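Working notes, beginning with the structure itself.
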Amino acid sequence: MCIRGDRLLFRHIRFTLKPGGLLYVLGDNGSGKSSLLRLLCGLMQPESGSICWQGEQVKHVLEVFQANLLYIGHLNGLKEDLSPIENLQASMRLAGDHADKPDVLDALEAIGVGRCANLPVRVLSQGQKRRVALARLWLTERKLWILDEPFATLDSTSIDVLVARINHHLNNDGMAIITTHQDVAISAQSTQVLRLDI
Amino acid sequence: MNRAWVTIFKRDILLALRRRSDVATTLFFFLIVASLFPLGIGPEPAVLSSIAPGVLWVAALLAGMLSLTRMFASDFSDGSLEQMLIAPQPLPMLVIAKVLAHWIVCGLPVVLLAPMIGLQYALPNDALLVLVLSLLLGTPALSLIGAIGAALTLGVRGSGLLIALLVLPLYIPVLIFGAGAVAASQHGMSAEAHLSLLAAFSLLSLVLAPFATAAALRISVE
C-alpha cells in the first residue's frame, strides 16, 4: 500500500519477477507509477507490505540489492555543466562500476549521441539528454533495470535501438520494470502488465 | 567505496570550477561586508581592532550561509541525488565528500582572505595568525552543520530563511570560541583553549553531522 500525503495511491499489489521477465507498469498520470518504482528502488518506504529481493526483504539487504539495480527515473541525473562523458563516468563510478572513456564513448555512439560526447549537457535537446542518461544501459551488467518512462521524448530510431537493448538484456536473464505510454514490442520470456488505475 | 567518495568530491570541485560566479559570490560578500564596517565606523585603530574578531567571524559565518542552499539543491532538482541515495555506498561518506568540496570552494577562500581583511582592522600579526587558525578550525564545523540544514530544507519554498533559522543557533558556539580566540590573543592571553574547543567542535560535527545529513536527505527525497 502506498500513501502520498493523505491520498491512497494503490494497494493490494503483488507480483514476482523472474530472470528474463519484464513488468510493464501502466496507468494514467498521477496514478502512482513513479511512486511504485521509487518504492521498489528503496527511495521510499511502503505504508504496508514488503518488497523482497531473492527472498530477503530489500531493506535488510539494501546494498546487495542496490548493487544489482539500475534505476533511471524521470529525472536524468545529469549535470548541466559537465559533458556527457564526464556525467556518465561520474555516475558509473558512483554506482561502483568501471567506466573507461572508450566504453562510455561506445555507449554514447550506440544510442546515437556520440557527436555530443564533449559538449556541455546544457546545450543538448531534451531527447539527447534522455539518450545520454539511457546510455548507462550499455555500460552496466546490473540484473534489474527499473526505467521510468524510458521512451518519452525519444525519436522512433532511438526507441528501436533501446528496445533492442532491453531485449538483449532480457534474453540474458536480466529483468526489467518499465513504465510507458508507448506501444513497443519487447519480446520477453514472460511479460506481465500491472495496471495502477483501478 | 573509496572511489565513489572521490568521484563525488572531484565532480563537485569540477562543477565549481565550471561555475566560478558561485564561488565569487561568497568571497565578494565576505570582502564587502568586512570592508563596510571600517568605512561606517571610522578609522580609529583602537575601536576597529576591538570589534575586529566579532565582525570578521560574523562576516565569515554569513558568507558561508549564502552558499548553503546550493549544497544539495542542484543534485535534488536534476536527479543526481536519487542516484546518490540508491548507490551501493554508505551515504554519510558521500555526504562528507560533498561537504569537503563545499568547504574547499566556499570556506577555504574565506580563511585565506581573512588576514588581508584583518589588516584593515589594524590587527597585530599574532592576532592575524590566530584569526586564520580559528577560521581554519571552525569553518569546517560551519559547513558540516550547515549541510544538515541544507538537507532538511530541500525542496522547501523560501528555504534560504528557513536554513538560517535552523542553522544559525547551532553556529553560536563556533562564533563565540572563534571570535574569543582572536580577542584572547589581542589581549596577550593564550588562544589555545579556544582553538582546542573549536577543533573539538569540528571533530564532533564531523562524527555526527554526516549521519544526520544522510537521514535528512532520505526524508527530503521521499
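Letters A, B, ... go to the chains of the C-alpha cells in the order shown; residues in each chain start at 1; ligands are counted from 1 in the same order.
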**OP:** Would you list the contacts of A:Ala185 as number ranges by chain, taking every protein, DNA or RNA residue within 12 Å and counting only C-alpha atoms, but skipping same-chain residues closer than 5 positions in sequence?
**Re:** A: 22, 24, 159-167, 180, 191
So that each row is one residue of stretch 78-195 of chain B with an atom at most 9 Å from stretch 31-50 of chain B, can you give its shortest atom pair and the distance in Å to one decimal, using only C-alpha atoms, rows by chain and rising number, as a tab-separated table?
residue	atom	partner	partner_atom	distance
B:Val110	CA	B:Leu31	CA	8.6
B:Leu113	CA	B:Leu31	CA	8.1
B:Ala114	CA	B:Leu31	CA	8.7
B:Ile117	CA	B:Ala34	CA	6.9
B:Gly118	CA	B:Ser49	CA	8.6
B:Gln120	CA	B:Pro38	CA	7.4
B:Tyr121	CA	B:Leu48	CA	5.1
B:Ala122	CA	B:Ser49	CA	5.6
B:Leu123	CA	B:Ser49	CA	5.6
B:Pro124	CA	B:Ser49	CA	8.6
B:Ala183	CA	B:Ser50	CA	7.7
B:Gln186	CA	B:Ser50	CA	8.4
Just to be explicit: take each residue in the selection above, keep N, CA and C atoms, and write the result as a CSV table (one decimal), in the first residue's frame.
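Wrote result-v6.csv, looks like this:
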chain,number,residue,atom,x,y,z
B,110,VAL,N,37.7,32.0,2.1
B,110,VAL,CA,37.5,33.0,3.2
B,110,VAL,C,38.6,33.0,4.2
B,113,LEU,N,41.6,34.6,2.7
B,113,LEU,CA,41.4,36.1,2.5
B,113,LEU,C,41.4,36.8,3.8
B,114,ALA,N,41.1,36.1,4.9
B,114,ALA,CA,40.9,36.8,6.2
B,114,ALA,C,42.0,37.7,6.7
B,117,ILE,N,41.9,41.1,5.1
B,117,ILE,CA,40.9,41.9,5.7
B,117,ILE,C,41.3,42.4,7.1
B,118,GLY,N,41.9,41.5,7.8
B,118,GLY,CA,42.3,41.8,9.2
B,118,GLY,C,43.2,43.0,9.3
B,120,GLN,N,42.9,45.6,7.6
B,120,GLN,CA,42.1,46.8,7.6
B,120,GLN,C,41.7,47.2,9.0
B,121,TYR,N,41.6,46.2,9.9
B,121,TYR,CA,41.2,46.4,11.2
B,121,TYR,C,42.3,46.6,12.2
B,122,ALA,N,43.5,46.9,11.6
B,122,ALA,CA,44.7,47.1,12.5
B,122,ALA,C,45.0,46.0,13.5
B,123,LEU,N,44.7,44.8,13.0
B,123,LEU,CA,45.1,43.6,13.9
B,123,LEU,C,46.6,43.4,13.9
B,124,PRO,N,47.1,43.2,15.1
B,124,PRO,CA,48.6,42.8,15.1
B,124,PRO,C,48.8,41.4,14.5
B,183,ALA,N,40.2,37.5,20.2
B,183,ALA,CA,40.2,38.5,21.2
B,183,ALA,C,41.2,38.2,22.3
B,186,GLN,N,44.6,39.1,21.2
B,186,GLN,CA,44.8,40.6,21.2
B,186,GLN,C,45.1,41.1,22.6
Distance cut-off 6 Å, counting only C-alpha atoms - which residues of chain B neighbour chain A? Return them as a PDB file with C-alpha atoms, in the first residue's frame.
ATOM      1  CA  ALA B   4      32.624   6.730  -5.189  1.00  0.00           C
ATOM      2  CA  THR B   7      34.153  10.705  -7.664  1.00  0.00           C
ATOM      3  CA  ASP B  78      18.456  17.197 -11.624  1.00  0.00           C
ATOM      4  CA  GLY B  79      18.029  13.750 -10.093  1.00  0.00           C
ATOM      5  CA  SER B  80      21.659  13.056  -9.181  1.00  0.00           C
ATOM      6  CA  ALA B  87      24.211   3.883  -4.959  1.00  0.00           C
ATOM      7  CA  PRO B  88      25.506   0.845  -3.078  1.00  0.00           C
ATOM      8  CA  GLU B 222      10.867  10.638  -0.073  1.00  0.00           C
TER       9      GLU B 222
END
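Note that the spacing between atom CA of B:His194 and atom CA of B:Ile148 amounts to 24.5 Å.
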Subject >> 9 Å contact set for stretch 102-118 of chain A, only C-alpha atoms, chain neighbours under 6 positions out, as a VMD selection string >> reply: chain A and resid 82 to 86 88 to 89 124 128 to 129 131 to 132 134 to 139 158 161 to 162
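When atom CA of A:Ser48 is paired with atom CA of B:Gly155, their separation reads 25.8 Å.
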**OP:** List every residue of stretch 60-197 of chain A that DSSP, applied to the backbone, labels as strand (DSSP E or B), and write the result as a PyMOL selection string.
**Re:** chain A and resi 69-72+144-148+175-179+190-195
Original post:
atom CA of A:Lys101 and atom CA of A:Arg130 are how many Å apart?
Top reply: 19.6 Å
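Closest approach to A:Leu154 from the set A:Leu170, A:Val61, A:Cys52, A:Ala133 is made by A:Ala133, with distances taken over only C-alpha atoms.
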**OP:** Pull the helix (DSSP H, G or I) assignments for stretch 72-193 of chain A out of DSSP run on the backbone, and list those residues as a VMD selection string.
**Re:** chain A and resid 84 to 94 101 to 110 114 to 116 121 to 123 126 to 138 156 to 171
**OP:** Fewer than 4 positions away in the same chain doesn't count, so skip those; otherwise give me all residues within 9 Å of B:Ala97, counting only C-alpha atoms, as a VMD selection string.
**Re:** chain B and resid 5 to 10 12 92 to 93 101 to 102
Keeping only N, CA and C atoms, take the residues you just selected and write them out as a PDB file, in the first residue's frame.
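Listed below is the output, result_30.pdb:
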ATOM      1  N   TRP B   5      33.438   7.971  -3.307  1.00  0.00           N
ATOM      2  CA  TRP B   5      33.699   9.158  -2.486  1.00  0.00           C
ATOM      3  C   TRP B   5      34.505  10.171  -3.284  1.00  0.00           C
ATOM      4  N   VAL B   6      35.604   9.672  -3.883  1.00  0.00           N
ATOM      5  CA  VAL B   6      36.478  10.549  -4.656  1.00  0.00           C
ATOM      6  C   VAL B   6      35.735  11.106  -5.872  1.00  0.00           C
ATOM      7  N   THR B   7      34.901  10.259  -6.488  1.00  0.00           N
ATOM      8  CA  THR B   7      34.153  10.705  -7.664  1.00  0.00           C
ATOM      9  C   THR B   7      33.268  11.898  -7.349  1.00  0.00           C
ATOM     10  N   ILE B   8      32.517  11.791  -6.250  1.00  0.00           N
ATOM     11  CA  ILE B   8      31.617  12.878  -5.874  1.00  0.00           C
ATOM     12  C   ILE B   8      32.418  14.143  -5.573  1.00  0.00           C
ATOM     13  N   PHE B   9      33.516  13.961  -4.858  1.00  0.00           N
ATOM     14  CA  PHE B   9      34.350  15.109  -4.497  1.00  0.00           C
ATOM     15  C   PHE B   9      34.878  15.807  -5.749  1.00  0.00           C
ATOM     16  N   LYS B  10      35.449  15.009  -6.654  1.00  0.00           N
ATOM     17  CA  LYS B  10      36.023  15.588  -7.875  1.00  0.00           C
ATOM     18  C   LYS B  10      34.947  16.258  -8.721  1.00  0.00           C
ATOM     19  N   ASP B  12      32.145  17.628  -7.775  1.00  0.00           N
ATOM     20  CA  ASP B  12      31.707  18.900  -7.206  1.00  0.00           C
ATOM     21  C   ASP B  12      32.744  19.996  -7.388  1.00  0.00           C
ATOM     22  N   PRO B  92      26.546   8.492   4.341  1.00  0.00           N
ATOM     23  CA  PRO B  92      27.296   9.503   5.103  1.00  0.00           C
ATOM     24  C   PRO B  92      28.670   9.810   4.497  1.00  0.00           C
ATOM     25  N   MET B  93      29.314   8.798   3.891  1.00  0.00           N
ATOM     26  CA  MET B  93      30.611   9.050   3.262  1.00  0.00           C
ATOM     27  C   MET B  93      30.454   9.997   2.072  1.00  0.00           C
ATOM     28  N   ALA B 101      33.991  19.231  -0.404  1.00  0.00           N
ATOM     29  CA  ALA B 101      34.063  20.030  -1.624  1.00  0.00           C
ATOM     30  C   ALA B 101      33.495  21.428  -1.369  1.00  0.00           C
ATOM     31  N   HIS B 102      32.374  21.481  -0.636  1.00  0.00           N
ATOM     32  CA  HIS B 102      31.760  22.769  -0.326  1.00  0.00           C
ATOM     33  C   HIS B 102      32.703  23.634   0.495  1.00  0.00           C
TER      34      HIS B 102
END
**OP:** Find the residues around B:Leu91 up to 10 Å (only C-alpha atoms counted), leave out those fewer than 6 positions away in its own chain, and share them as an MDAnalysis selection string.
**Re:** chainID B and resid 5 84:85 97 210:211 213:215 217:218
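If only C-alpha atoms are the atoms counted, then among B:Ser190, B:Ser21, B:Ser220, B:Thr26 the closest residue to B:Leu152 is B:Ser220.
Residue nearest B:Leu136 within the list B:Gln89, B:Thr25, B:Ser159, B:Ser202: B:Ser202 [criterion: smallest interatomic distance, only C-alpha atoms].
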Need the shell around B:Arg20: protein/DNA/RNA residues with any atom at most 12 Å away, counting only C-alpha atoms. Skip same-chain ones fewer than 6 positions apart. Format as a compact mmCIF listing (two decimals) with C-alpha atoms, in the first residue's frame?
# COMPACT_ATOMS: atom_id res chain seq x y z
CA ASP A 81 27.82 21.99 -16.78
CA ILE B 13 35.07 20.63 -7.48
CA LEU B 14 34.88 20.42 -11.27
CA THR B 26 30.63 34.04 -1.28
CA LEU B 27 34.04 35.62 -1.42
CA VAL B 105 35.08 26.02 -2.53
CA CYS B 106 33.37 28.35 -0.02
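Shortest atom-to-atom contact with B:Gly180 among B:Leu112, B:Val130, B:Leu119, B:Ala200: B:Val130, counting only C-alpha atoms.
Proximity of B:Gly188, B:Pro115, B:Pro109, B:Pro53 to B:Ile176, computed with only C-alpha atoms, is greatest for B:Pro53.
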Subject >> Polymer residues at most 9 Å from A:Ala176, only C-alpha atoms, same-chain spacing of 4 or more positions, as a PyMOL selection string >> reply: chain A and resi 17+20-24+143-147+166+169-170
Would you output that residue set with N, CA and C atoms, as a tab-separated table (two decimals), in the first residue's frame?
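selection10.tsv, freshly written:
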chain	number	residue	atom	x	y	z
A	17	LEU	N	9.00	-11.18	-10.18
A	17	LEU	CA	9.72	-11.06	-11.44
A	17	LEU	C	10.82	-12.11	-11.43
A	20	GLY	N	14.75	-12.90	-16.86
A	20	GLY	CA	14.18	-12.85	-18.19
A	20	GLY	C	12.80	-12.23	-18.23
A	21	GLY	N	12.28	-11.85	-17.08
A	21	GLY	CA	10.92	-11.33	-17.02
A	21	GLY	C	10.86	-9.82	-17.18
A	22	LEU	N	9.74	-9.38	-17.71
A	22	LEU	CA	9.52	-7.95	-17.91
A	22	LEU	C	8.21	-7.56	-17.26
A	23	LEU	N	8.21	-6.45	-16.56
A	23	LEU	CA	6.96	-5.96	-15.98
A	23	LEU	C	6.68	-4.56	-16.53
A	24	TYR	N	5.52	-4.44	-17.19
A	24	TYR	CA	5.07	-3.12	-17.60
A	24	TYR	C	4.21	-2.54	-16.50
A	143	LYS	N	21.41	-6.71	-12.90
A	143	LYS	CA	20.37	-7.71	-13.22
A	143	LYS	C	19.01	-7.06	-13.41
A	144	LEU	N	18.73	-6.06	-12.58
A	144	LEU	CA	17.38	-5.49	-12.61
A	144	LEU	C	17.43	-4.05	-13.10
A	145	TRP	N	16.69	-3.78	-14.16
A	145	TRP	CA	16.58	-2.41	-14.66
A	145	TRP	C	15.22	-1.86	-14.27
A	146	ILE	N	15.20	-0.71	-13.67
A	146	ILE	CA	13.94	-0.03	-13.38
A	146	ILE	C	13.95	1.29	-14.14
A	147	LEU	N	13.10	1.39	-15.15
A	147	LEU	CA	13.15	2.56	-16.03
A	147	LEU	C	11.81	3.28	-16.00
A	166	ILE	N	16.98	-3.58	-24.58
A	166	ILE	CA	16.22	-4.20	-23.49
A	166	ILE	C	15.98	-5.67	-23.81
A	169	HIS	N	19.03	-7.58	-23.00
A	169	HIS	CA	19.15	-7.71	-21.54
A	169	HIS	C	18.25	-8.83	-21.03
A	170	LEU	N	17.00	-8.86	-21.52
A	170	LEU	CA	16.05	-9.86	-21.04
A	170	LEU	C	16.45	-11.26	-21.50
